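Below is one structure, written out as structure tokens; comments come after it.
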Protein chains: 2
Amino acid sequence: MPAKDIYHQTVRNALEKDGWKITNDPLTIRIGKKDMYIDLGAEKLIAAEKGESKIAVEIKSFVSRSEMNDLENAIGQFIVYHDALAIREPERILFLAVTHKIYLDIFEEPLGKLLLKNQRVKLLVFEPKKEEVIKWIK
Amino acid sequence: MPAKDIYHQTVRNALEKDGWKITNDPLTIRIGKKDMYIDLGAEKLIAAEKGESKIAVEIKSFVSRSEMNDLENAIGQFIVYHDALAIREPERILFLAVTHKIYLDIFEEPLGKLLLKNQRVKLLVFEPKKEEVIKWIK
């Protein structure tokens, strides 16, 4: 199993504060002989939807020396997990969790905006110090 | 600029043997402040289309210890380059160049097949020893 991201516990706490129940840590999906480990699975009772909302969350801290590499790797992992989830648990929505700083540095810039516009990725933006969810970009 | 893939010259030779003229090595694209370097740009006169066909080729040798990581990184790079190219040079088609062995190991397996079915990536499959293009998967 891959090493946990440095913000693993931070995002767990932020989700719980936001009313989510953590149900999987990690969430395992298998396609053929390939096992994938998505960092977290969570559920929340949404009154308006008269049912449970289910999410999967992959956490990325973008700590390498190349922001472009980090972005490419995050997008690739998201797409592979997304396509696998769509087969195994189509009701569960996948989010990439990034700090507010990374959101501003990457996803408010032209290339990041382009990827969001093309719906390549959904984001959960969190504030690491307060351990709080700031926004969801679907 | 990133280091060249070990199969860089091999794929150049295979494309030339297949009638392509190499026009860019690398092909540079800029979105905002981000520069991207796609390994090769090439052109070929296609009589049936009464015009020139233009491609961009990113070469991936999948040499790391984790096939899953290599696959995720290749898909991520492909998607980012694809979306950038679609803005800068919409007529140019992007391909990921992989050896026949990698094609069989990864893209004939369930997860790889799923990604091809979802049209996440287009492939140029080559035979490294003969330096020949084996097939295109669009």
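Residue numbering restarts at 1 in every chain; chains get A, B, ... in the order shown in the structure tokens, and ligands count up from 1 in that same order.
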
Output the contact residues of chain B with respect to chain A at a cut-off of 10 Å, based on only C-alpha atoms, as a PyMOL selection string. chain B and resi 30-36+67-81+83-84+87+109-112+114-115+118+120

Hey, could you lay chain B over chain A with a least-squares C-alpha fit (all atoms, paired in order) and save it as a compact mmCIF listing (two decimals) with N, CA and C atoms, in the first residue's frame?
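Below is the file superposed.txt, written as the result:
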# COMPACT_ATOMS: atom_id res chain seq x y z
N MET B 1 0.82 -1.15 0.04
CA MET B 1 0.00 0.05 0.02
C MET B 1 0.90 1.29 0.00
N PRO B 2 0.52 2.30 -0.75
CA PRO B 2 1.39 3.48 -0.81
C PRO B 2 1.42 4.22 0.52
N ALA B 3 2.47 5.01 0.74
CA ALA B 3 2.59 5.81 1.97
C ALA B 3 1.46 6.83 2.03
N LYS B 4 1.07 7.16 3.25
CA LYS B 4 0.01 8.15 3.42
C LYS B 4 0.54 9.55 3.17
N ASP B 5 -0.32 10.37 2.59
CA ASP B 5 0.04 11.76 2.35
C ASP B 5 0.21 12.48 3.68
N ILE B 6 1.05 13.52 3.71
CA ILE B 6 1.29 14.25 4.97
C ILE B 6 0.01 14.88 5.52
N TYR B 7 -0.97 15.13 4.66
CA TYR B 7 -2.22 15.75 5.11
C TYR B 7 -3.33 14.74 5.36
N HIS B 8 -2.98 13.46 5.45
CA HIS B 8 -4.01 12.43 5.59
C HIS B 8 -4.92 12.70 6.79
N GLN B 9 -4.31 12.83 7.98
CA GLN B 9 -5.12 13.03 9.20
C GLN B 9 -5.84 14.38 9.17
N THR B 10 -5.18 15.37 8.60
CA THR B 10 -5.78 16.71 8.49
C THR B 10 -7.08 16.66 7.69
N VAL B 11 -7.06 15.94 6.57
CA VAL B 11 -8.26 15.87 5.72
C VAL B 11 -9.33 15.02 6.38
N ARG B 12 -8.91 13.95 7.05
CA ARG B 12 -9.88 13.15 7.84
C ARG B 12 -10.62 14.05 8.83
N ASN B 13 -9.84 14.84 9.58
CA ASN B 13 -10.43 15.73 10.59
C ASN B 13 -11.35 16.77 9.95
N ALA B 14 -10.91 17.35 8.83
CA ALA B 14 -11.71 18.38 8.15
C ALA B 14 -13.03 17.79 7.66
N LEU B 15 -12.99 16.57 7.15
CA LEU B 15 -14.22 15.93 6.67
C LEU B 15 -15.17 15.66 7.84
N GLU B 16 -14.63 15.16 8.94
CA GLU B 16 -15.48 14.87 10.11
C GLU B 16 -16.12 16.15 10.64
N LYS B 17 -15.31 17.23 10.67
CA LYS B 17 -15.83 18.53 11.11
C LYS B 17 -16.96 18.99 10.19
N ASP B 18 -16.87 18.57 8.91
CA ASP B 18 -17.87 18.97 7.90
C ASP B 18 -19.07 18.01 7.90
N GLY B 19 -19.12 17.10 8.90
CA GLY B 19 -20.28 16.23 9.02
C GLY B 19 -20.18 14.89 8.29
N TRP B 20 -19.01 14.56 7.76
CA TRP B 20 -18.84 13.29 7.06
C TRP B 20 -18.43 12.19 8.03
N LYS B 21 -18.89 10.99 7.74
CA LYS B 21 -18.45 9.82 8.49
C LYS B 21 -17.42 9.09 7.62
N ILE B 22 -16.23 8.90 8.17
CA ILE B 22 -15.18 8.19 7.41
C ILE B 22 -15.51 6.69 7.44
N THR B 23 -15.67 6.10 6.29
CA THR B 23 -16.05 4.68 6.22
C THR B 23 -14.92 3.79 5.71
N ASN B 24 -13.96 4.38 5.01
CA ASN B 24 -12.84 3.60 4.45
C ASN B 24 -11.54 4.39 4.55
N ASP B 25 -10.49 3.72 5.01
CA ASP B 25 -9.20 4.38 5.13
C ASP B 25 -8.12 3.31 4.99
N PRO B 26 -7.71 2.94 3.77
CA PRO B 26 -8.13 3.49 2.48
C PRO B 26 -9.37 2.78 1.91
N LEU B 27 -9.82 3.26 0.77
CA LEU B 27 -10.88 2.62 0.01
C LEU B 27 -10.19 1.82 -1.10
N THR B 28 -10.39 0.51 -1.08
CA THR B 28 -9.70 -0.34 -2.05
C THR B 28 -10.60 -0.70 -3.23
N ILE B 29 -10.06 -0.58 -4.43
CA ILE B 29 -10.80 -0.99 -5.62
C ILE B 29 -9.90 -1.89 -6.44
N ARG B 30 -10.49 -2.92 -7.01
CA ARG B 30 -9.70 -3.82 -7.84
C ARG B 30 -10.30 -3.88 -9.24
N ILE B 31 -9.44 -3.73 -10.23
CA ILE B 31 -9.84 -3.92 -11.63
C ILE B 31 -8.85 -4.93 -12.20
N GLY B 32 -9.34 -6.07 -12.62
CA GLY B 32 -8.43 -7.12 -13.09
C GLY B 32 -7.51 -7.51 -11.95
N LYS B 33 -6.20 -7.47 -12.20
CA LYS B 33 -5.25 -7.82 -11.14
C LYS B 33 -4.70 -6.58 -10.44
N LYS B 34 -5.21 -5.41 -10.79
CA LYS B 34 -4.67 -4.17 -10.24
C LYS B 34 -5.49 -3.69 -9.04
N ASP B 35 -4.79 -3.51 -7.91
CA ASP B 35 -5.44 -2.95 -6.72
C ASP B 35 -5.14 -1.46 -6.64
N MET B 36 -6.16 -0.69 -6.35
CA MET B 36 -5.98 0.75 -6.16
C MET B 36 -6.44 1.11 -4.76
N TYR B 37 -5.69 2.01 -4.12
CA TYR B 37 -6.01 2.41 -2.75
C TYR B 37 -6.28 3.91 -2.73
N ILE B 38 -7.54 4.27 -2.71
CA ILE B 38 -7.89 5.69 -2.63
C ILE B 38 -7.86 6.07 -1.15
N ASP B 39 -7.30 7.25 -0.84
CA ASP B 39 -7.00 7.58 0.55
C ASP B 39 -8.18 7.40 1.50
N LEU B 40 -9.35 7.97 1.17
CA LEU B 40 -10.48 7.91 2.11
C LEU B 40 -11.81 7.67 1.39
N GLY B 41 -12.70 6.99 2.08
CA GLY B 41 -14.08 6.89 1.66
C GLY B 41 -14.93 7.50 2.77
N ALA B 42 -15.98 8.24 2.42
CA ALA B 42 -16.80 8.87 3.46
C ALA B 42 -18.26 8.96 3.01
N GLU B 43 -19.13 9.09 3.99
CA GLU B 43 -20.56 9.17 3.73
C GLU B 43 -21.19 10.26 4.58
N LYS B 44 -22.29 10.81 4.07
CA LYS B 44 -23.00 11.86 4.81
C LYS B 44 -24.48 11.76 4.44
N LEU B 45 -25.33 11.93 5.44
CA LEU B 45 -26.76 11.92 5.18
C LEU B 45 -27.16 13.31 4.68
N ILE B 46 -27.66 13.35 3.44
CA ILE B 46 -28.06 14.64 2.88
C ILE B 46 -29.58 14.66 2.85
N ALA B 47 -30.17 15.47 3.71
CA ALA B 47 -31.64 15.47 3.85
C ALA B 47 -32.32 15.80 2.52
N ALA B 48 -31.78 16.81 1.83
CA ALA B 48 -32.40 17.26 0.58
C ALA B 48 -32.45 16.13 -0.46
N GLU B 49 -31.45 15.25 -0.42
CA GLU B 49 -31.41 14.16 -1.41
C GLU B 49 -32.11 12.91 -0.90
N LYS B 50 -32.64 12.99 0.33
CA LYS B 50 -33.29 11.84 0.97
C LYS B 50 -32.44 10.58 0.88
N GLY B 51 -31.16 10.75 1.09
CA GLY B 51 -30.32 9.57 1.05
C GLY B 51 -28.90 9.92 1.43
N GLU B 52 -28.02 8.95 1.26
CA GLU B 52 -26.66 9.14 1.67
C GLU B 52 -25.81 9.55 0.48
N SER B 53 -24.96 10.53 0.71
CA SER B 53 -24.01 10.95 -0.30
C SER B 53 -22.71 10.24 0.01
N LYS B 54 -22.09 9.64 -1.02
CA LYS B 54 -20.83 8.91 -0.80
C LYS B 54 -19.72 9.55 -1.62
N ILE B 55 -18.58 9.72 -0.97
CA ILE B 55 -17.44 10.27 -1.69
C ILE B 55 -16.20 9.41 -1.48
N ALA B 56 -15.24 9.60 -2.38
CA ALA B 56 -13.90 9.04 -2.21
C ALA B 56 -12.96 10.23 -2.34
N VAL B 57 -11.91 10.25 -1.54
CA VAL B 57 -11.02 11.41 -1.51
C VAL B 57 -9.57 10.96 -1.65
N GLU B 58 -8.89 11.52 -2.65
CA GLU B 58 -7.46 11.28 -2.81
C GLU B 58 -6.75 12.59 -2.44
N ILE B 59 -5.78 12.49 -1.53
CA ILE B 59 -5.12 13.68 -0.99
C ILE B 59 -3.77 13.89 -1.66
N LYS B 60 -3.52 15.10 -2.11
CA LYS B 60 -2.24 15.39 -2.77
C LYS B 60 -1.62 16.66 -2.22
N SER B 61 -0.38 16.54 -1.75
CA SER B 61 0.21 17.72 -1.12
C SER B 61 1.11 18.53 -2.06
N PHE B 62 1.39 18.02 -3.25
CA PHE B 62 2.21 18.77 -4.23
C PHE B 62 3.53 19.23 -3.59
N VAL B 63 4.32 18.28 -3.16
CA VAL B 63 5.56 18.66 -2.47
C VAL B 63 6.82 18.42 -3.29
N SER B 64 6.69 17.88 -4.50
CA SER B 64 7.92 17.62 -5.28
C SER B 64 8.48 18.94 -5.79
N ARG B 65 9.65 18.87 -6.44
CA ARG B 65 10.27 20.11 -6.90
C ARG B 65 9.60 20.66 -8.16
N SER B 66 8.85 19.78 -8.87
CA SER B 66 8.20 20.25 -10.09
C SER B 66 6.68 20.27 -9.93
N GLU B 67 6.13 21.49 -9.94
CA GLU B 67 4.69 21.66 -9.83
C GLU B 67 3.98 20.98 -11.02
N MET B 68 4.60 21.04 -12.20
CA MET B 68 4.01 20.42 -13.39
C MET B 68 3.91 18.90 -13.21
N ASN B 69 4.99 18.30 -12.71
CA ASN B 69 4.97 16.85 -12.45
C ASN B 69 3.90 16.49 -11.44
N ASP B 70 3.82 17.25 -10.37
CA ASP B 70 2.82 16.99 -9.34
C ASP B 70 1.41 17.08 -9.94
N LEU B 71 1.21 18.10 -10.78
CA LEU B 71 -0.11 18.28 -11.38
C LEU B 71 -0.43 17.11 -12.31
N GLU B 72 0.52 16.75 -13.17
CA GLU B 72 0.30 15.63 -14.10
C GLU B 72 0.00 14.33 -13.34
N ASN B 73 0.78 14.09 -12.29
CA ASN B 73 0.58 12.85 -11.53
C ASN B 73 -0.78 12.85 -10.82
N ALA B 74 -1.16 13.99 -10.28
CA ALA B 74 -2.45 14.08 -9.58
C ALA B 74 -3.60 13.86 -10.56
N ILE B 75 -3.51 14.47 -11.74
CA ILE B 75 -4.56 14.31 -12.75
C ILE B 75 -4.63 12.85 -13.21
N GLY B 76 -3.48 12.25 -13.44
CA GLY B 76 -3.44 10.86 -13.90
C GLY B 76 -4.06 9.92 -12.89
N GLN B 77 -3.69 10.09 -11.63
CA GLN B 77 -4.22 9.24 -10.58
C GLN B 77 -5.73 9.44 -10.47
N PHE B 78 -6.15 10.68 -10.54
CA PHE B 78 -7.57 10.98 -10.44
C PHE B 78 -8.36 10.29 -11.55
N ILE B 79 -7.86 10.38 -12.78
CA ILE B 79 -8.57 9.80 -13.94
C ILE B 79 -8.65 8.27 -13.82
N VAL B 80 -7.54 7.66 -13.43
CA VAL B 80 -7.52 6.20 -13.31
C VAL B 80 -8.49 5.76 -12.20
N TYR B 81 -8.44 6.41 -11.06
CA TYR B 81 -9.35 6.06 -9.96
C TYR B 81 -10.80 6.34 -10.36
N HIS B 82 -11.00 7.47 -11.03
CA HIS B 82 -12.35 7.84 -11.45
C HIS B 82 -12.96 6.76 -12.34
N ASP B 83 -12.20 6.33 -13.33
CA ASP B 83 -12.74 5.35 -14.28
C ASP B 83 -12.97 3.99 -13.60
N ALA B 84 -12.09 3.66 -12.65
CA ALA B 84 -12.26 2.40 -11.91
C ALA B 84 -13.48 2.48 -11.00
N LEU B 85 -13.63 3.59 -10.28
CA LEU B 85 -14.79 3.80 -9.39
C LEU B 85 -16.10 3.77 -10.15
N ALA B 86 -16.10 4.35 -11.35
CA ALA B 86 -17.32 4.43 -12.15
C ALA B 86 -17.85 3.03 -12.47
N ILE B 87 -16.96 2.05 -12.46
CA ILE B 87 -17.36 0.66 -12.70
C ILE B 87 -17.73 -0.02 -11.39
N ARG B 88 -16.93 0.16 -10.36
CA ARG B 88 -17.11 -0.58 -9.11
C ARG B 88 -18.15 0.05 -8.17
N GLU B 89 -18.16 1.38 -8.10
CA GLU B 89 -19.08 2.08 -7.19
C GLU B 89 -19.56 3.36 -7.87
N PRO B 90 -20.41 3.21 -8.88
CA PRO B 90 -20.78 4.38 -9.69
C PRO B 90 -21.45 5.52 -8.92
N GLU B 91 -22.00 5.22 -7.75
CA GLU B 91 -22.69 6.28 -6.98
C GLU B 91 -21.71 7.12 -6.16
N ARG B 92 -20.47 6.69 -6.06
CA ARG B 92 -19.50 7.40 -5.21
C ARG B 92 -18.74 8.43 -6.04
N ILE B 93 -18.65 9.66 -5.53
CA ILE B 93 -17.99 10.74 -6.28
C ILE B 93 -16.58 10.96 -5.75
N LEU B 94 -15.64 11.02 -6.69
CA LEU B 94 -14.23 11.17 -6.32
C LEU B 94 -13.82 12.64 -6.30
N PHE B 95 -13.04 13.00 -5.27
CA PHE B 95 -12.49 14.36 -5.15
C PHE B 95 -10.98 14.28 -4.92
N LEU B 96 -10.29 15.26 -5.45
CA LEU B 96 -8.87 15.43 -5.15
C LEU B 96 -8.79 16.51 -4.07
N ALA B 97 -8.19 16.16 -2.92
CA ALA B 97 -8.08 17.14 -1.83
C ALA B 97 -6.75 17.88 -1.94
N VAL B 98 -6.84 19.21 -2.02
CA VAL B 98 -5.63 20.05 -2.06
C VAL B 98 -5.78 21.22 -1.09
N THR B 99 -4.65 21.73 -0.63
CA THR B 99 -4.69 22.87 0.29
C THR B 99 -5.15 24.12 -0.47
N HIS B 100 -5.59 25.11 0.28
CA HIS B 100 -6.03 26.36 -0.32
C HIS B 100 -4.87 27.02 -1.08
N LYS B 101 -3.66 26.90 -0.56
CA LYS B 101 -2.49 27.49 -1.22
C LYS B 101 -2.28 26.85 -2.60
N ILE B 102 -2.33 25.52 -2.66
CA ILE B 102 -2.15 24.82 -3.94
C ILE B 102 -3.29 25.17 -4.90
N TYR B 103 -4.48 25.27 -4.35
CA TYR B 103 -5.62 25.67 -5.19
C TYR B 103 -5.33 27.01 -5.86
N LEU B 104 -4.86 27.98 -5.08
CA LEU B 104 -4.58 29.31 -5.64
C LEU B 104 -3.40 29.27 -6.62
N ASP B 105 -2.34 28.54 -6.25
CA ASP B 105 -1.13 28.49 -7.08
C ASP B 105 -1.36 27.77 -8.41
N ILE B 106 -2.19 26.74 -8.40
CA ILE B 106 -2.31 25.88 -9.58
C ILE B 106 -3.66 26.01 -10.26
N PHE B 107 -4.73 25.94 -9.49
CA PHE B 107 -6.04 25.84 -10.14
C PHE B 107 -6.70 27.20 -10.39
N GLU B 108 -6.03 28.27 -9.96
CA GLU B 108 -6.49 29.60 -10.34
C GLU B 108 -5.61 30.17 -11.46
N GLU B 109 -4.66 29.37 -11.92
CA GLU B 109 -3.80 29.75 -13.04
C GLU B 109 -4.39 29.17 -14.33
N PRO B 110 -3.98 29.70 -15.51
CA PRO B 110 -4.61 29.29 -16.77
C PRO B 110 -4.65 27.76 -17.02
N LEU B 111 -3.54 27.04 -16.78
CA LEU B 111 -3.56 25.61 -17.07
C LEU B 111 -4.51 24.86 -16.13
N GLY B 112 -4.46 25.19 -14.84
CA GLY B 112 -5.36 24.56 -13.89
C GLY B 112 -6.81 24.88 -14.18
N LYS B 113 -7.07 26.14 -14.52
CA LYS B 113 -8.43 26.55 -14.87
C LYS B 113 -8.95 25.77 -16.07
N LEU B 114 -8.06 25.57 -17.05
CA LEU B 114 -8.43 24.80 -18.25
C LEU B 114 -8.84 23.38 -17.87
N LEU B 115 -8.05 22.76 -16.98
CA LEU B 115 -8.36 21.38 -16.57
C LEU B 115 -9.69 21.32 -15.80
N LEU B 116 -9.96 22.33 -14.98
CA LEU B 116 -11.25 22.38 -14.26
C LEU B 116 -12.39 22.59 -15.26
N LYS B 117 -12.18 23.49 -16.22
CA LYS B 117 -13.22 23.77 -17.22
C LYS B 117 -13.53 22.50 -18.02
N ASN B 118 -12.51 21.72 -18.32
CA ASN B 118 -12.70 20.46 -19.06
C ASN B 118 -13.19 19.32 -18.17
N GLN B 119 -13.47 19.63 -16.92
CA GLN B 119 -13.97 18.67 -15.93
C GLN B 119 -13.08 17.44 -15.78
N ARG B 120 -11.77 17.70 -15.79
CA ARG B 120 -10.81 16.60 -15.62
C ARG B 120 -10.72 16.16 -14.17
N VAL B 121 -11.10 17.05 -13.25
CA VAL B 121 -10.89 16.75 -11.83
C VAL B 121 -11.93 17.52 -10.99
N LYS B 122 -12.33 16.93 -9.88
CA LYS B 122 -13.17 17.61 -8.89
C LYS B 122 -12.30 17.88 -7.67
N LEU B 123 -12.48 19.02 -7.04
CA LEU B 123 -11.59 19.38 -5.92
C LEU B 123 -12.31 19.54 -4.59
N LEU B 124 -11.61 19.14 -3.55
CA LEU B 124 -11.99 19.46 -2.17
C LEU B 124 -10.84 20.33 -1.68
N VAL B 125 -11.11 21.61 -1.46
CA VAL B 125 -10.07 22.54 -1.03
C VAL B 125 -10.15 22.68 0.49
N PHE B 126 -9.01 22.48 1.16
CA PHE B 126 -9.03 22.54 2.62
C PHE B 126 -7.97 23.49 3.17
N GLU B 127 -8.20 23.96 4.37
CA GLU B 127 -7.26 24.82 5.08
C GLU B 127 -6.54 23.95 6.11
N PRO B 128 -5.25 23.67 5.91
CA PRO B 128 -4.57 22.69 6.77
C PRO B 128 -4.46 23.09 8.24
N LYS B 129 -4.22 24.36 8.52
CA LYS B 129 -4.04 24.73 9.93
C LYS B 129 -5.35 24.60 10.72
N LYS B 130 -6.43 25.13 10.13
CA LYS B 130 -7.73 25.04 10.81
C LYS B 130 -8.37 23.67 10.64
N GLU B 131 -7.80 22.84 9.77
CA GLU B 131 -8.39 21.52 9.46
C GLU B 131 -9.85 21.67 9.06
N GLU B 132 -10.07 22.56 8.08
CA GLU B 132 -11.45 22.82 7.62
C GLU B 132 -11.57 22.73 6.11
N VAL B 133 -12.74 22.24 5.66
CA VAL B 133 -13.05 22.25 4.24
C VAL B 133 -13.39 23.68 3.85
N ILE B 134 -12.77 24.22 2.82
CA ILE B 134 -13.06 25.58 2.37
C ILE B 134 -14.09 25.55 1.25
N LYS B 135 -13.88 24.72 0.25
CA LYS B 135 -14.90 24.60 -0.78
C LYS B 135 -14.76 23.32 -1.59
N TRP B 136 -15.86 22.98 -2.26
CA TRP B 136 -15.91 21.82 -3.15
C TRP B 136 -16.07 22.35 -4.57
N ILE B 137 -15.28 21.82 -5.50
CA ILE B 137 -15.44 22.22 -6.90
C ILE B 137 -15.79 20.98 -7.69
N LYS B 138 -17.06 20.94 -8.14
CA LYS B 138 -17.58 19.72 -8.76
C LYS B 138 -17.61 19.81 -10.29

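Secondary structure from DSSP on the backbone puts helix (DSSP H, G or I) at the following positions of stretch 71-100 of chain B: Leu71, Glu72, Asn73, Ala74, Ile75, Gly76, Gln77, Phe78, Ile79, Val80, Tyr81, His82, Asp83, Ala84, Leu85, Ala86, Ile87, Arg88 and His100 of chain B.
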
Those residues you just picked out, can you put them in a file as a JSON list (two decimals), in the first residue's frame with C-alpha atoms?
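Result file follows (part-v3.json):
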[["chain", "number", "residue", "atom", "x", "y", "z"],
["B", 71, "LEU", "CA", 0.44, 4.29, -15.93],
["B", 72, "GLU", "CA", -1.02, 7.09, -13.78],
["B", 73, "ASN", "CA", 1.82, 9.44, -14.68],
["B", 74, "ALA", "CA", 1.54, 8.66, -18.39],
["B", 75, "ILE", "CA", -2.23, 9.23, -18.37],
["B", 76, "GLY", "CA", -1.86, 12.48, -16.42],
["B", 77, "GLN", "CA", 0.79, 13.85, -18.74],
["B", 78, "PHE", "CA", -1.25, 12.84, -21.76],
["B", 79, "ILE", "CA", -4.41, 14.58, -20.48],
["B", 80, "VAL", "CA", -2.58, 17.79, -19.57],
["B", 81, "TYR", "CA", -0.78, 17.94, -22.94],
["B", 82, "HIS", "CA", -3.97, 17.00, -24.76],
["B", 83, "ASP", "CA", -5.98, 19.82, -23.21],
["B", 84, "ALA", "CA", -3.17, 22.32, -23.81],
["B", 85, "LEU", "CA", -2.74, 21.21, -27.46],
["B", 86, "ALA", "CA", -6.49, 21.43, -28.06],
["B", 87, "ILE", "CA", -6.18, 25.16, -27.36],
["B", 88, "ARG", "CA", -2.84, 25.91, -29.04],
["B", 100, "HIS", "CA", 4.65, -3.56, -27.90]]
